[in-house]
Each structure stands twice: as structure tokens, then as C-alpha cells.
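Here's the structure we're looking at; comments come further down.
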There are 2 protein chains.
Amino acid sequence: MKDIKITIGRELGSGGRTIGKLVAEKLGIAYYDYEIIDQTAKASGFSIDFVEQSEQRVTNSLLYNLALGSSYGMSPFGRGNNINLETQLFLTQQRVIRELADKGSCVIVGRCADYILREYASLLRVFVYADIEHRRKHLIENYGYNPDTTLKEIKRADKRRSGHYQAFTEQHWGRRQNYDLMINSGLIGTEKSADLIIEAANKISE
Amino acid sequence: MKDIKITIGRELGSGGRTIGKLVAEKLGIAYYDYEIIDQTAKASGFSIDFVEQSEQRVTNSLLYNLALGSSYGMSPFGRGNNINLETQLFLTQQRVIRELADKGSCVIVGRCADYILREYASLLRVFVYADIEHRRKHLIENYGYNPDTTLKEIKRADKRRSGHYQAFTEQHWGRRQNYDLMINSGLIGTEKSADLIIEAANKISE
């Protein structure tokens, strides 16, 4: 198998991270997730918590600007919203992701990696999703989420991820135009989703 | 392999029909496409041409209503737009599709079959797409489209298919929520796209 980069965007509760790990394991290639946050924190000088919470802050800024009537999609950041800081953080993270990708074949989960690596050859951009009931069950059973609030958490996560993605890529999160393979893991299952991704990766790195 | 229904929605020029045929051939199951139009024509008493052009007429009605300021998505048909006729045709086609599906395993391309069969067990809803340049090339090389007008044809087909789909399903055509597996055939290729669909079908009909 030649060099390949597999990016995995995913809905909260779809099992996308587990699937990503499985793919990397089965292919014997690198898997990057928290390492990106860690390296971004080191490179930027910010704390890991601060880097992790960037998604939330960016989305808050977007909502704030929407409330002010700014045009959505043109300039996500407005007055007093630390545009420089969040953009700086994104650019650092972008550099970290590209450096990791340059090392060799890998799987990268989340962090707009599909967009950041869009010019790379042998890139497979995956998106993993599932229906709400599957996601809810998955989070309650595997991550101990509170059944009363899980639905709300899911909706907040969708808003957060899509807001952050759109702010930096000017593309819509989860829309087919930005991906090569999109899988309903609720129907297909974790193991088989990983197998499908591997099949597709084998094909494009032939 | 147990009973399975595979529906394939597809963008014009993505090779979705060819992929659907391949899947049916490789699995040794029925493939329905023009047979649906044929049977709908017979059952409704309309001509094949008239049935085939329903998509276009429905989209025209939608655009007409939009121009009149009717609310999109609530009632696609307006004054003088033959609501009964198009709805009747859709209902006849729906009956034909369900009758064909009831006969056993099959692949059905287009015609809102994913929506029509949504309550069936062992249903795999596929969507095949590709980037504009791949679609354009595919249509020119394989179907003799005129290079000067192909892009326009693609845009018209997207509008037509998505308008028709939304009118009768109240869902968005090509959005992940309505599908289980979405494949960029421009990257993955025709043969391999068929293989991925077969892999997924095997999994859910285990």
C-alpha cells in the first residue's frame, strides 16, 4: 500500500473515533487525535484545555455575530471576538496536522483535517454519522452520558462542530461535497465501517 | 445472503446507474430502473414519455410557486399546476416500486426509492456523487454530451432531481440523513464503488 492520508469527520456518538482507531490499527499506520491538540498547545503556548475549547469559543462568536446581524459565512469573527487568537490557533493546528501528515500514512480524526489536507495526493476524506437514537444510545452505554441530557448534548455538539468547520473552511460540515465516503455507522456497524474505509483506502492507494 | 433492497440515488454523470447494474449483476439480484417507468405508464394509462418527464414538470411547478411566493416545502403544487395528476403518478410509481421490492432482493436506481422503501427491513440506501469535473468528463466521454453545454445540463439535472425529491419526500436530496452509504465515485471508481456497496449489503443482510 502506498502512502495514504485518511481523515475522519464524525458526529458525536457515531463511533467515528473508534472506527478511526480500528482503521489505523488494521492498516498498521499512525493515528492522530489528541496528539494534535497536544502539539498545538505546545507550539502555541496555550494550555491543552484552551486549545480543546476553541471549537466552542468559535461557535459562540458565530452566534454572537449572527445576533448582531453580521453576515454569516463571510466573516465569522466580529468586534471584540479575538479573531486573531482563534485564527492563530487554527493556523498552528493546521501546521501541526500537515507536519504529522508529511511523516507518512495516517488516520486523522476531526479538526478540519479533510479541508487542511485537501491538496494532498492519496487522500480519503471520510464522514461517519448515525441517526439520533443510535448516537444517544451509544453515548449512554459507552460513555456514561446522562439519558436526560444526551439529546441536548448531541444537538450542541452538532452546532459546535458545524460552526467551527464553517468558520475556518467556509464549507458545510457533513455535506457530501467535502467527503469521499460517508457511512451511517448506526446501520453498518463499527467493525464493518472500518472495513469499508480500508477497502476504499486500498483502492485509491493502488 | 438474506433478502436485501438496495436503493441508489445518484447525481447525473456520477455513474450511479452503471454502479447499480454492476451491484445487481455481482449479487445476482434484480435490477429495476426503466421497468419502473414502464410499469407506471401501464398502470396509470399515461405514456412512457409523460411518466419520464414528471420530474421536470414537478420542478417547474416548484419554481413557479416560488416565483409566486408560496412557501417552499409545505405544498409544492399550486394553482393550476396539476397537483392531482403528478401526485397520482407518484403514488402509482410508489405502488409499482413496492410491488417490485416485495418480489425479493433488488437494486433500484433513483425514483425516491430510498424514501418509498424506508420502512423495509434490510434496506441499504446508497447515494453516488462526484465532483463537477468528473461528471462533466463522464457525460462527454460516455454519453456524447456536448462539451459546451454539459455543465448547464448537470446543473439543471441537480435542480430537477432535488426539486422532485423534495416535493414528494419533504426531505433533501443527497443529504446524509437520508442515506446509509455515500460514495464519491469520481475518486473511488465504478468497480470499487460497486464492491463497497456489496460489502455493506452483505453486512446488513447477515
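Identifiers in the C-alpha cells: chain A, B, ... in order shown; residue index from 1 per chain; ligand index from 1 in order shown.
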Within 9 Å of chain B, which residues of chain A come that close, and what is the closest atom pair and distance in Å for each? Count only C-alpha atoms and give it as CSV.
residue,atom,partner,partner_atom,distance
A:Leu124,CA,B:Leu187,CA,8.6
A:Tyr129,CA,B:Arg176,CA,8.0
A:Ala130,CA,B:Gln177,CA,8.0
A:Asp131,CA,B:Gln177,CA,7.3
A:Gly174,CA,B:Arg176,CA,7.6
A:Arg175,CA,B:Arg175,CA,6.8
A:Arg176,CA,B:Arg175,CA,7.4
A:Gln177,CA,B:Asp131,CA,7.3
A:Tyr179,CA,B:Asn184,CA,7.4
A:Asp180,CA,B:Asn184,CA,4.6
A:Leu181,CA,B:Ile183,CA,4.8
A:Met182,CA,B:Met182,CA,4.8
A:Ile183,CA,B:Leu181,CA,4.8
A:Asn184,CA,B:Asp180,CA,4.6
A:Ser185,CA,B:Asp180,CA,8.0
A:Gly186,CA,B:Asp180,CA,8.6
A:Leu187,CA,B:Asp180,CA,7.0
A:Ile188,CA,B:Ile204,CA,6.4
A:Gly189,CA,B:Lys203,CA,8.5
A:Lys192,CA,B:Lys203,CA,7.0
A:Ser193,CA,B:Ala200,CA,8.3
A:Asp195,CA,B:Glu199,CA,8.7
A:Leu196,CA,B:Leu196,CA,6.3
A:Ile197,CA,B:Leu196,CA,9.0
A:Glu199,CA,B:Leu196,CA,7.2
A:Ala200,CA,B:Ile188,CA,6.6
A:Ala201,CA,B:Ile188,CA,8.8
A:Lys203,CA,B:Ile188,CA,6.8
A:Ile204,CA,B:Ile188,CA,6.4
Quick one: superpose chain B onto chain A using all C-alpha atoms paired in order, least squares, and give it to me as a PDB file with C-alpha atoms, in the first residue's frame.
ATOM      1  CA  MET B   1       0.004  -0.009  -0.021  1.00  0.00           C
ATOM      2  CA  LYS B   2       1.317   3.389  -0.974  1.00  0.00           C
ATOM      3  CA  ASP B   3       1.176   6.472   1.175  1.00  0.00           C
ATOM      4  CA  ILE B   4      -2.355   7.392   2.270  1.00  0.00           C
ATOM      5  CA  LYS B   5      -3.991   9.995   4.484  1.00  0.00           C
ATOM      6  CA  ILE B   6      -7.408   9.170   5.856  1.00  0.00           C
ATOM      7  CA  THR B   7      -9.370  11.947   7.512  1.00  0.00           C
ATOM      8  CA  ILE B   8     -12.482  11.126   9.501  1.00  0.00           C
ATOM      9  CA  GLY B   9     -15.112  13.717  10.275  1.00  0.00           C
ATOM     10  CA  ARG B  10     -17.797  12.392  12.563  1.00  0.00           C
ATOM     11  CA  GLU B  11     -20.907  13.161  14.514  1.00  0.00           C
ATOM     12  CA  LEU B  12     -20.748  12.875  18.296  1.00  0.00           C
ATOM     13  CA  GLY B  13     -21.932   9.397  19.257  1.00  0.00           C
ATOM     14  CA  SER B  14     -21.401   7.867  15.818  1.00  0.00           C
ATOM     15  CA  GLY B  15     -18.341   5.904  16.957  1.00  0.00           C
ATOM     16  CA  GLY B  16     -16.160   7.725  14.422  1.00  0.00           C
ATOM     17  CA  ARG B  17     -13.165   7.879  16.738  1.00  0.00           C
ATOM     18  CA  THR B  18     -13.301   4.135  17.476  1.00  0.00           C
ATOM     19  CA  ILE B  19     -13.654   3.431  13.778  1.00  0.00           C
ATOM     20  CA  GLY B  20     -10.663   5.668  13.026  1.00  0.00           C
ATOM     21  CA  LYS B  21      -8.518   3.834  15.578  1.00  0.00           C
ATOM     22  CA  LEU B  22      -9.568   0.478  14.147  1.00  0.00           C
ATOM     23  CA  VAL B  23      -8.677   1.563  10.624  1.00  0.00           C
ATOM     24  CA  ALA B  24      -5.235   2.749  11.721  1.00  0.00           C
ATOM     25  CA  GLU B  25      -4.627  -0.457  13.684  1.00  0.00           C
ATOM     26  CA  LYS B  26      -5.723  -2.752  10.881  1.00  0.00           C
ATOM     27  CA  LEU B  27      -3.658  -0.858   8.310  1.00  0.00           C
ATOM     28  CA  GLY B  28      -0.713  -0.515  10.682  1.00  0.00           C
ATOM     29  CA  ILE B  29      -0.488   3.258  10.159  1.00  0.00           C
ATOM     30  CA  ALA B  30      -0.370   6.239  12.527  1.00  0.00           C
ATOM     31  CA  TYR B  31      -3.480   7.530  14.291  1.00  0.00           C
ATOM     32  CA  TYR B  32      -3.626  11.187  15.341  1.00  0.00           C
ATOM     33  CA  ASP B  33      -6.224  12.721  17.549  1.00  0.00           C
ATOM     34  CA  TYR B  34      -5.208  14.114  20.942  1.00  0.00           C
ATOM     35  CA  GLU B  35      -1.634  14.358  19.716  1.00  0.00           C
ATOM     36  CA  ILE B  36      -2.758  17.229  17.507  1.00  0.00           C
ATOM     37  CA  ILE B  37      -4.166  19.133  20.472  1.00  0.00           C
ATOM     38  CA  ASP B  38      -1.069  18.372  22.473  1.00  0.00           C
ATOM     39  CA  GLN B  39       1.323  19.578  19.794  1.00  0.00           C
ATOM     40  CA  THR B  40      -0.821  22.612  19.018  1.00  0.00           C
ATOM     41  CA  ALA B  41      -0.772  23.555  22.682  1.00  0.00           C
ATOM     42  CA  LYS B  42       2.994  23.207  22.820  1.00  0.00           C
ATOM     43  CA  ALA B  43       3.546  25.138  19.591  1.00  0.00           C
ATOM     44  CA  SER B  44       1.160  27.938  20.505  1.00  0.00           C
ATOM     45  CA  GLY B  45       1.981  28.234  24.183  1.00  0.00           C
ATOM     46  CA  PHE B  46      -1.667  27.836  25.192  1.00  0.00           C
ATOM     47  CA  SER B  47      -2.966  25.197  27.562  1.00  0.00           C
ATOM     48  CA  ILE B  48      -4.456  21.942  26.302  1.00  0.00           C
ATOM     49  CA  ASP B  49      -7.828  22.969  27.724  1.00  0.00           C
ATOM     50  CA  PHE B  50      -7.720  26.262  25.898  1.00  0.00           C
ATOM     51  CA  VAL B  51      -6.905  24.554  22.594  1.00  0.00           C
ATOM     52  CA  GLU B  52      -9.625  21.966  23.111  1.00  0.00           C
ATOM     53  CA  GLN B  53     -12.258  24.605  23.788  1.00  0.00           C
ATOM     54  CA  SER B  54     -11.546  26.569  20.638  1.00  0.00           C
ATOM     55  CA  GLU B  55     -14.460  24.901  18.852  1.00  0.00           C
ATOM     56  CA  GLN B  56     -16.848  26.139  21.491  1.00  0.00           C
ATOM     57  CA  ARG B  57     -15.485  29.678  21.528  1.00  0.00           C
ATOM     58  CA  VAL B  58     -15.583  29.991  17.752  1.00  0.00           C
ATOM     59  CA  THR B  59     -19.192  28.813  17.678  1.00  0.00           C
ATOM     60  CA  ASN B  60     -20.102  31.281  20.399  1.00  0.00           C
ATOM     61  CA  SER B  61     -18.536  34.041  18.320  1.00  0.00           C
ATOM     62  CA  LEU B  62     -20.531  32.964  15.318  1.00  0.00           C
ATOM     63  CA  LEU B  63     -23.764  33.016  17.258  1.00  0.00           C
ATOM     64  CA  TYR B  64     -22.816  36.372  18.741  1.00  0.00           C
ATOM     65  CA  ASN B  65     -22.235  37.785  15.275  1.00  0.00           C
ATOM     66  CA  LEU B  66     -25.455  36.321  13.987  1.00  0.00           C
ATOM     67  CA  ALA B  67     -27.284  38.011  16.821  1.00  0.00           C
ATOM     68  CA  LEU B  68     -25.619  41.282  15.829  1.00  0.00           C
ATOM     69  CA  GLY B  69     -26.766  40.746  12.253  1.00  0.00           C
ATOM     70  CA  SER B  70     -23.329  40.237  10.725  1.00  0.00           C
ATOM     71  CA  SER B  71     -23.378  38.235   7.517  1.00  0.00           C
ATOM     72  CA  TYR B  72     -22.805  34.586   8.259  1.00  0.00           C
ATOM     73  CA  GLY B  73     -20.145  32.847   6.263  1.00  0.00           C
ATOM     74  CA  MET B  74     -18.243  35.957   5.253  1.00  0.00           C
ATOM     75  CA  SER B  75     -16.428  36.853   8.416  1.00  0.00           C
ATOM     76  CA  PRO B  76     -17.053  34.595  11.369  1.00  0.00           C
ATOM     77  CA  PHE B  77     -15.395  36.852  13.901  1.00  0.00           C
ATOM     78  CA  GLY B  78     -16.567  40.251  14.918  1.00  0.00           C
ATOM     79  CA  ARG B  79     -15.782  43.082  17.241  1.00  0.00           C
ATOM     80  CA  GLY B  80     -14.124  41.999  20.425  1.00  0.00           C
ATOM     81  CA  ASN B  81     -14.166  38.323  19.502  1.00  0.00           C
ATOM     82  CA  ASN B  82     -10.480  37.574  19.465  1.00  0.00           C
ATOM     83  CA  ILE B  83     -10.256  36.899  15.784  1.00  0.00           C
ATOM     84  CA  ASN B  84      -6.494  36.928  15.845  1.00  0.00           C
ATOM     85  CA  LEU B  85      -6.235  34.494  18.661  1.00  0.00           C
ATOM     86  CA  GLU B  86      -8.594  31.843  17.276  1.00  0.00           C
ATOM     87  CA  THR B  87      -7.212  32.214  13.774  1.00  0.00           C
ATOM     88  CA  GLN B  88      -3.689  31.902  15.093  1.00  0.00           C
ATOM     89  CA  LEU B  89      -4.668  28.751  16.934  1.00  0.00           C
ATOM     90  CA  PHE B  90      -6.248  27.325  13.789  1.00  0.00           C
ATOM     91  CA  LEU B  91      -3.158  28.129  11.735  1.00  0.00           C
ATOM     92  CA  THR B  92      -0.901  26.484  14.304  1.00  0.00           C
ATOM     93  CA  GLN B  93      -3.109  23.410  14.313  1.00  0.00           C
ATOM     94  CA  GLN B  94      -3.079  23.388  10.523  1.00  0.00           C
ATOM     95  CA  ARG B  95       0.724  23.389  10.555  1.00  0.00           C
ATOM     96  CA  VAL B  96       0.793  20.563  13.119  1.00  0.00           C
ATOM     97  CA  ILE B  97      -1.609  18.471  11.025  1.00  0.00           C
ATOM     98  CA  ARG B  98       0.414  18.985   7.851  1.00  0.00           C
ATOM     99  CA  GLU B  99       3.661  18.122   9.615  1.00  0.00           C
ATOM    100  CA  LEU B 100       2.148  14.913  10.984  1.00  0.00           C
ATOM    101  CA  ALA B 101       0.712  14.022   7.568  1.00  0.00           C
ATOM    102  CA  ASP B 102       4.082  14.625   5.945  1.00  0.00           C
ATOM    103  CA  LYS B 103       5.593  11.898   8.116  1.00  0.00           C
ATOM    104  CA  GLY B 104       3.682   9.154   6.269  1.00  0.00           C
ATOM    105  CA  SER B 105       0.368   7.311   6.111  1.00  0.00           C
ATOM    106  CA  CYS B 106      -2.070   8.187   8.874  1.00  0.00           C
ATOM    107  CA  VAL B 107      -5.629   8.479  10.114  1.00  0.00           C
ATOM    108  CA  ILE B 108      -6.677  11.872  11.489  1.00  0.00           C
ATOM    109  CA  VAL B 109      -9.981  12.309  13.290  1.00  0.00           C
ATOM    110  CA  GLY B 110     -11.781  15.664  13.231  1.00  0.00           C
ATOM    111  CA  ARG B 111     -10.056  19.092  13.333  1.00  0.00           C
ATOM    112  CA  CYS B 112     -11.003  20.060   9.752  1.00  0.00           C
ATOM    113  CA  ALA B 113      -8.233  17.740   8.560  1.00  0.00           C
ATOM    114  CA  ASP B 114     -10.162  16.917   5.362  1.00  0.00           C
ATOM    115  CA  TYR B 115     -10.021  20.596   4.451  1.00  0.00           C
ATOM    116  CA  ILE B 116      -6.478  21.174   5.684  1.00  0.00           C
ATOM    117  CA  LEU B 117      -5.100  18.258   3.650  1.00  0.00           C
ATOM    118  CA  ARG B 118      -7.371  18.766   0.636  1.00  0.00           C
ATOM    119  CA  GLU B 119      -4.442  19.276  -1.770  1.00  0.00           C
ATOM    120  CA  TYR B 120      -2.661  16.080  -0.733  1.00  0.00           C
ATOM    121  CA  ALA B 121      -2.476  13.147  -3.120  1.00  0.00           C
ATOM    122  CA  SER B 122      -3.954   9.838  -1.900  1.00  0.00           C
ATOM    123  CA  LEU B 123      -6.359  11.483   0.479  1.00  0.00           C
ATOM    124  CA  LEU B 124      -9.536   9.705   1.571  1.00  0.00           C
ATOM    125  CA  ARG B 125     -12.005  12.004   3.302  1.00  0.00           C
ATOM    126  CA  VAL B 126     -14.490  10.017   5.372  1.00  0.00           C
ATOM    127  CA  PHE B 127     -17.530  11.178   7.322  1.00  0.00           C
ATOM    128  CA  VAL B 128     -19.213   8.914   9.875  1.00  0.00           C
ATOM    129  CA  TYR B 129     -22.752   9.577  11.066  1.00  0.00           C
ATOM    130  CA  ALA B 130     -25.763   7.816  12.540  1.00  0.00           C
ATOM    131  CA  ASP B 131     -29.342   8.559  13.412  1.00  0.00           C
ATOM    132  CA  ILE B 132     -30.055  10.394  16.638  1.00  0.00           C
ATOM    133  CA  GLU B 133     -31.343   7.337  18.509  1.00  0.00           C
ATOM    134  CA  HIS B 134     -28.201   5.337  17.753  1.00  0.00           C
ATOM    135  CA  ARG B 135     -25.974   8.208  18.803  1.00  0.00           C
ATOM    136  CA  ARG B 136     -27.889   8.707  22.022  1.00  0.00           C
ATOM    137  CA  LYS B 137     -27.732   5.009  22.900  1.00  0.00           C
ATOM    138  CA  HIS B 138     -24.037   4.841  22.049  1.00  0.00           C
ATOM    139  CA  LEU B 139     -23.171   7.784  24.316  1.00  0.00           C
ATOM    140  CA  ILE B 140     -25.245   6.506  27.234  1.00  0.00           C
ATOM    141  CA  GLU B 141     -23.979   2.924  27.010  1.00  0.00           C
ATOM    142  CA  ASN B 142     -20.345   3.571  26.197  1.00  0.00           C
ATOM    143  CA  TYR B 143     -19.563   6.946  27.724  1.00  0.00           C
ATOM    144  CA  GLY B 144     -21.936   7.120  30.675  1.00  0.00           C
ATOM    145  CA  TYR B 145     -23.908  10.104  29.393  1.00  0.00           C
ATOM    146  CA  ASN B 146     -26.966  11.121  31.361  1.00  0.00           C
ATOM    147  CA  PRO B 147     -30.052   9.838  29.478  1.00  0.00           C
ATOM    148  CA  ASP B 148     -31.959  13.018  30.333  1.00  0.00           C
ATOM    149  CA  THR B 149     -29.497  15.400  28.732  1.00  0.00           C
ATOM    150  CA  THR B 150     -27.822  13.382  25.973  1.00  0.00           C
ATOM    151  CA  LEU B 151     -30.079  14.628  23.217  1.00  0.00           C
ATOM    152  CA  LYS B 152     -29.268  18.199  24.155  1.00  0.00           C
ATOM    153  CA  GLU B 153     -25.545  17.384  24.201  1.00  0.00           C
ATOM    154  CA  ILE B 154     -25.801  15.883  20.728  1.00  0.00           C
ATOM    155  CA  LYS B 155     -27.500  18.956  19.345  1.00  0.00           C
ATOM    156  CA  ARG B 156     -24.954  21.238  20.962  1.00  0.00           C
ATOM    157  CA  ALA B 157     -22.080  19.167  19.584  1.00  0.00           C
ATOM    158  CA  ASP B 158     -23.552  19.289  16.065  1.00  0.00           C
ATOM    159  CA  LYS B 159     -23.871  23.042  16.292  1.00  0.00           C
ATOM    160  CA  ARG B 160     -20.354  23.385  17.705  1.00  0.00           C
ATOM    161  CA  ARG B 161     -18.664  21.200  15.110  1.00  0.00           C
ATOM    162  CA  SER B 162     -20.524  22.607  12.176  1.00  0.00           C
ATOM    163  CA  GLY B 163     -19.974  26.194  13.335  1.00  0.00           C
ATOM    164  CA  HIS B 164     -16.253  25.699  13.798  1.00  0.00           C
ATOM    165  CA  TYR B 165     -15.889  23.871  10.477  1.00  0.00           C
ATOM    166  CA  GLN B 166     -17.744  26.544   8.574  1.00  0.00           C
ATOM    167  CA  ALA B 167     -15.872  29.369  10.238  1.00  0.00           C
ATOM    168  CA  PHE B 168     -12.491  28.138   9.068  1.00  0.00           C
ATOM    169  CA  THR B 169     -13.251  26.259   5.854  1.00  0.00           C
ATOM    170  CA  GLU B 170     -16.229  28.244   4.525  1.00  0.00           C
ATOM    171  CA  GLN B 171     -17.683  24.830   3.723  1.00  0.00           C
ATOM    172  CA  HIS B 172     -20.578  22.931   5.250  1.00  0.00           C
ATOM    173  CA  TRP B 173     -19.709  20.205   7.750  1.00  0.00           C
ATOM    174  CA  GLY B 174     -21.146  16.817   6.795  1.00  0.00           C
ATOM    175  CA  ARG B 175     -22.112  17.788   3.228  1.00  0.00           C
ATOM    176  CA  ARG B 176     -21.113  15.239   0.633  1.00  0.00           C
ATOM    177  CA  GLN B 177     -19.129  17.726  -1.465  1.00  0.00           C
ATOM    178  CA  ASN B 178     -16.395  17.687   1.188  1.00  0.00           C
ATOM    179  CA  TYR B 179     -16.056  13.909   1.578  1.00  0.00           C
ATOM    180  CA  ASP B 180     -15.322  10.790  -0.472  1.00  0.00           C
ATOM    181  CA  LEU B 181     -17.054   8.190   1.653  1.00  0.00           C
ATOM    182  CA  MET B 182     -19.896   8.746   4.115  1.00  0.00           C
ATOM    183  CA  ILE B 183     -21.083   5.927   6.328  1.00  0.00           C
ATOM    184  CA  ASN B 184     -24.123   5.484   8.537  1.00  0.00           C
ATOM    185  CA  SER B 185     -22.351   3.598  11.314  1.00  0.00           C
ATOM    186  CA  GLY B 186     -25.667   3.044  13.082  1.00  0.00           C
ATOM    187  CA  LEU B 187     -26.653   0.646  10.320  1.00  0.00           C
ATOM    188  CA  ILE B 188     -23.287  -0.602   9.068  1.00  0.00           C
ATOM    189  CA  GLY B 189     -21.661  -1.104  12.482  1.00  0.00           C
ATOM    190  CA  THR B 190     -18.235  -0.185  13.816  1.00  0.00           C
ATOM    191  CA  GLU B 191     -16.174  -3.100  12.512  1.00  0.00           C
ATOM    192  CA  LYS B 192     -17.739  -3.096   9.066  1.00  0.00           C
ATOM    193  CA  SER B 193     -17.456   0.685   8.755  1.00  0.00           C
ATOM    194  CA  ALA B 194     -13.731   0.295   9.399  1.00  0.00           C
ATOM    195  CA  ASP B 195     -13.555  -2.457   6.769  1.00  0.00           C
ATOM    196  CA  LEU B 196     -15.298  -0.288   4.177  1.00  0.00           C
ATOM    197  CA  ILE B 197     -12.868   2.566   4.822  1.00  0.00           C
ATOM    198  CA  ILE B 198      -9.928   0.185   4.442  1.00  0.00           C
ATOM    199  CA  GLU B 199     -11.363  -1.158   1.171  1.00  0.00           C
ATOM    200  CA  ALA B 200     -11.714   2.357  -0.186  1.00  0.00           C
ATOM    201  CA  ALA B 201      -8.218   3.321   1.035  1.00  0.00           C
ATOM    202  CA  ASN B 202      -6.722   0.277  -0.676  1.00  0.00           C
ATOM    203  CA  LYS B 203      -8.404   1.257  -3.894  1.00  0.00           C
ATOM    204  CA  ILE B 204      -7.184   4.835  -4.020  1.00  0.00           C
ATOM    205  CA  SER B 205      -3.649   4.003  -2.949  1.00  0.00           C
ATOM    206  CA  GLU B 206      -3.270   1.179  -5.489  1.00  0.00           C
TER     207      GLU B 206
END
| said: When DSSP is applied to the backbone of this structure, which of chain B are assigned strand (DSSP E or B)? Write them out as a PyMOL selection string. | reply: chain B and resi 5-10+30-32+106-109+123-129+181-184
Output N, CA, C and O atoms for every residue in the selection just made, as a compact mmCIF listing (two decimals), in the first residue's frame.
# COMPACT_ATOMS: atom_id res chain seq x y z
N LYS B 5 -32.81 -4.96 -0.09
CA LYS B 5 -33.19 -3.95 -1.09
C LYS B 5 -32.10 -2.89 -1.06
O LYS B 5 -31.79 -2.34 0.01
N ILE B 6 -31.56 -2.61 -2.22
CA ILE B 6 -30.54 -1.56 -2.32
C ILE B 6 -31.08 -0.44 -3.20
O ILE B 6 -31.41 -0.68 -4.37
N THR B 7 -31.21 0.74 -2.65
CA THR B 7 -31.65 1.87 -3.46
C THR B 7 -30.43 2.75 -3.75
O THR B 7 -29.56 2.92 -2.89
N ILE B 8 -30.37 3.26 -4.95
CA ILE B 8 -29.23 4.11 -5.33
C ILE B 8 -29.70 5.45 -5.88
O ILE B 8 -30.25 5.52 -6.98
N GLY B 9 -29.52 6.48 -5.08
CA GLY B 9 -29.72 7.84 -5.57
C GLY B 9 -28.41 8.25 -6.21
O GLY B 9 -27.35 7.75 -5.83
N ARG B 10 -28.47 9.13 -7.18
CA ARG B 10 -27.19 9.47 -7.83
C ARG B 10 -27.28 10.79 -8.58
O ARG B 10 -28.32 11.18 -9.07
N ALA B 30 -32.24 -8.78 -8.77
CA ALA B 30 -32.94 -7.98 -9.78
C ALA B 30 -32.45 -6.54 -9.80
O ALA B 30 -32.04 -6.00 -8.76
N TYR B 31 -32.52 -5.92 -10.98
CA TYR B 31 -32.18 -4.52 -11.15
C TYR B 31 -33.37 -3.82 -11.79
O TYR B 31 -33.83 -4.22 -12.87
N TYR B 32 -33.90 -2.79 -11.13
CA TYR B 32 -35.05 -2.07 -11.69
C TYR B 32 -34.72 -0.62 -11.95
O TYR B 32 -34.20 0.07 -11.06
N CYS B 106 -33.33 -6.77 -4.57
CA CYS B 106 -33.21 -5.96 -5.80
C CYS B 106 -32.38 -4.71 -5.59
O CYS B 106 -32.13 -4.29 -4.46
N VAL B 107 -31.99 -4.13 -6.70
CA VAL B 107 -31.35 -2.81 -6.75
C VAL B 107 -32.31 -1.89 -7.50
O VAL B 107 -32.77 -2.24 -8.59
N ILE B 108 -32.63 -0.75 -6.91
CA ILE B 108 -33.48 0.23 -7.59
C ILE B 108 -32.75 1.55 -7.67
O ILE B 108 -32.28 2.08 -6.65
N VAL B 109 -32.65 2.08 -8.89
CA VAL B 109 -31.93 3.34 -9.09
C VAL B 109 -32.93 4.50 -9.17
O VAL B 109 -33.90 4.44 -9.93
N LEU B 123 -32.71 -2.74 4.28
CA LEU B 123 -32.66 -1.73 3.23
C LEU B 123 -31.32 -1.00 3.32
O LEU B 123 -30.90 -0.60 4.40
N LEU B 124 -30.65 -0.90 2.18
CA LEU B 124 -29.39 -0.13 2.13
C LEU B 124 -29.61 1.03 1.17
O LEU B 124 -29.80 0.83 -0.03
N ARG B 125 -29.57 2.23 1.71
CA ARG B 125 -29.81 3.42 0.89
C ARG B 125 -28.47 4.07 0.52
O ARG B 125 -27.77 4.59 1.37
N VAL B 126 -28.17 4.00 -0.78
CA VAL B 126 -26.86 4.48 -1.26
C VAL B 126 -27.05 5.78 -2.03
O VAL B 126 -28.08 5.99 -2.66
N PHE B 127 -26.07 6.65 -1.96
CA PHE B 127 -26.05 7.83 -2.83
C PHE B 127 -24.68 7.93 -3.48
O PHE B 127 -23.66 7.84 -2.80
N VAL B 128 -24.66 8.07 -4.79
CA VAL B 128 -23.41 8.15 -5.54
C VAL B 128 -23.25 9.56 -6.12
O VAL B 128 -24.18 10.08 -6.72
N TYR B 129 -22.09 10.14 -5.91
CA TYR B 129 -21.85 11.50 -6.39
C TYR B 129 -20.40 11.64 -6.85
O TYR B 129 -19.59 10.72 -6.70
N LEU B 181 -24.96 4.98 2.92
CA LEU B 181 -23.62 4.91 2.35
C LEU B 181 -23.56 5.90 1.19
O LEU B 181 -24.38 5.84 0.27
N MET B 182 -22.60 6.82 1.24
CA MET B 182 -22.48 7.82 0.18
C MET B 182 -21.06 7.75 -0.37
O MET B 182 -20.09 7.79 0.39
N ILE B 183 -20.98 7.65 -1.69
CA ILE B 183 -19.68 7.37 -2.30
C ILE B 183 -19.33 8.38 -3.39
O ILE B 183 -20.13 8.61 -4.30
N ASN B 184 -18.16 8.94 -3.29
CA ASN B 184 -17.62 9.80 -4.34
C ASN B 184 -17.02 8.89 -5.41
O ASN B 184 -15.86 8.47 -5.32
| Those in stretch 15-137 of chain B with alpha helix (DSSP H) from DSSP, as a ChimeraX atom specification | /B:16-27,34-44,48-52,54-68,83-102,113-116,132-137
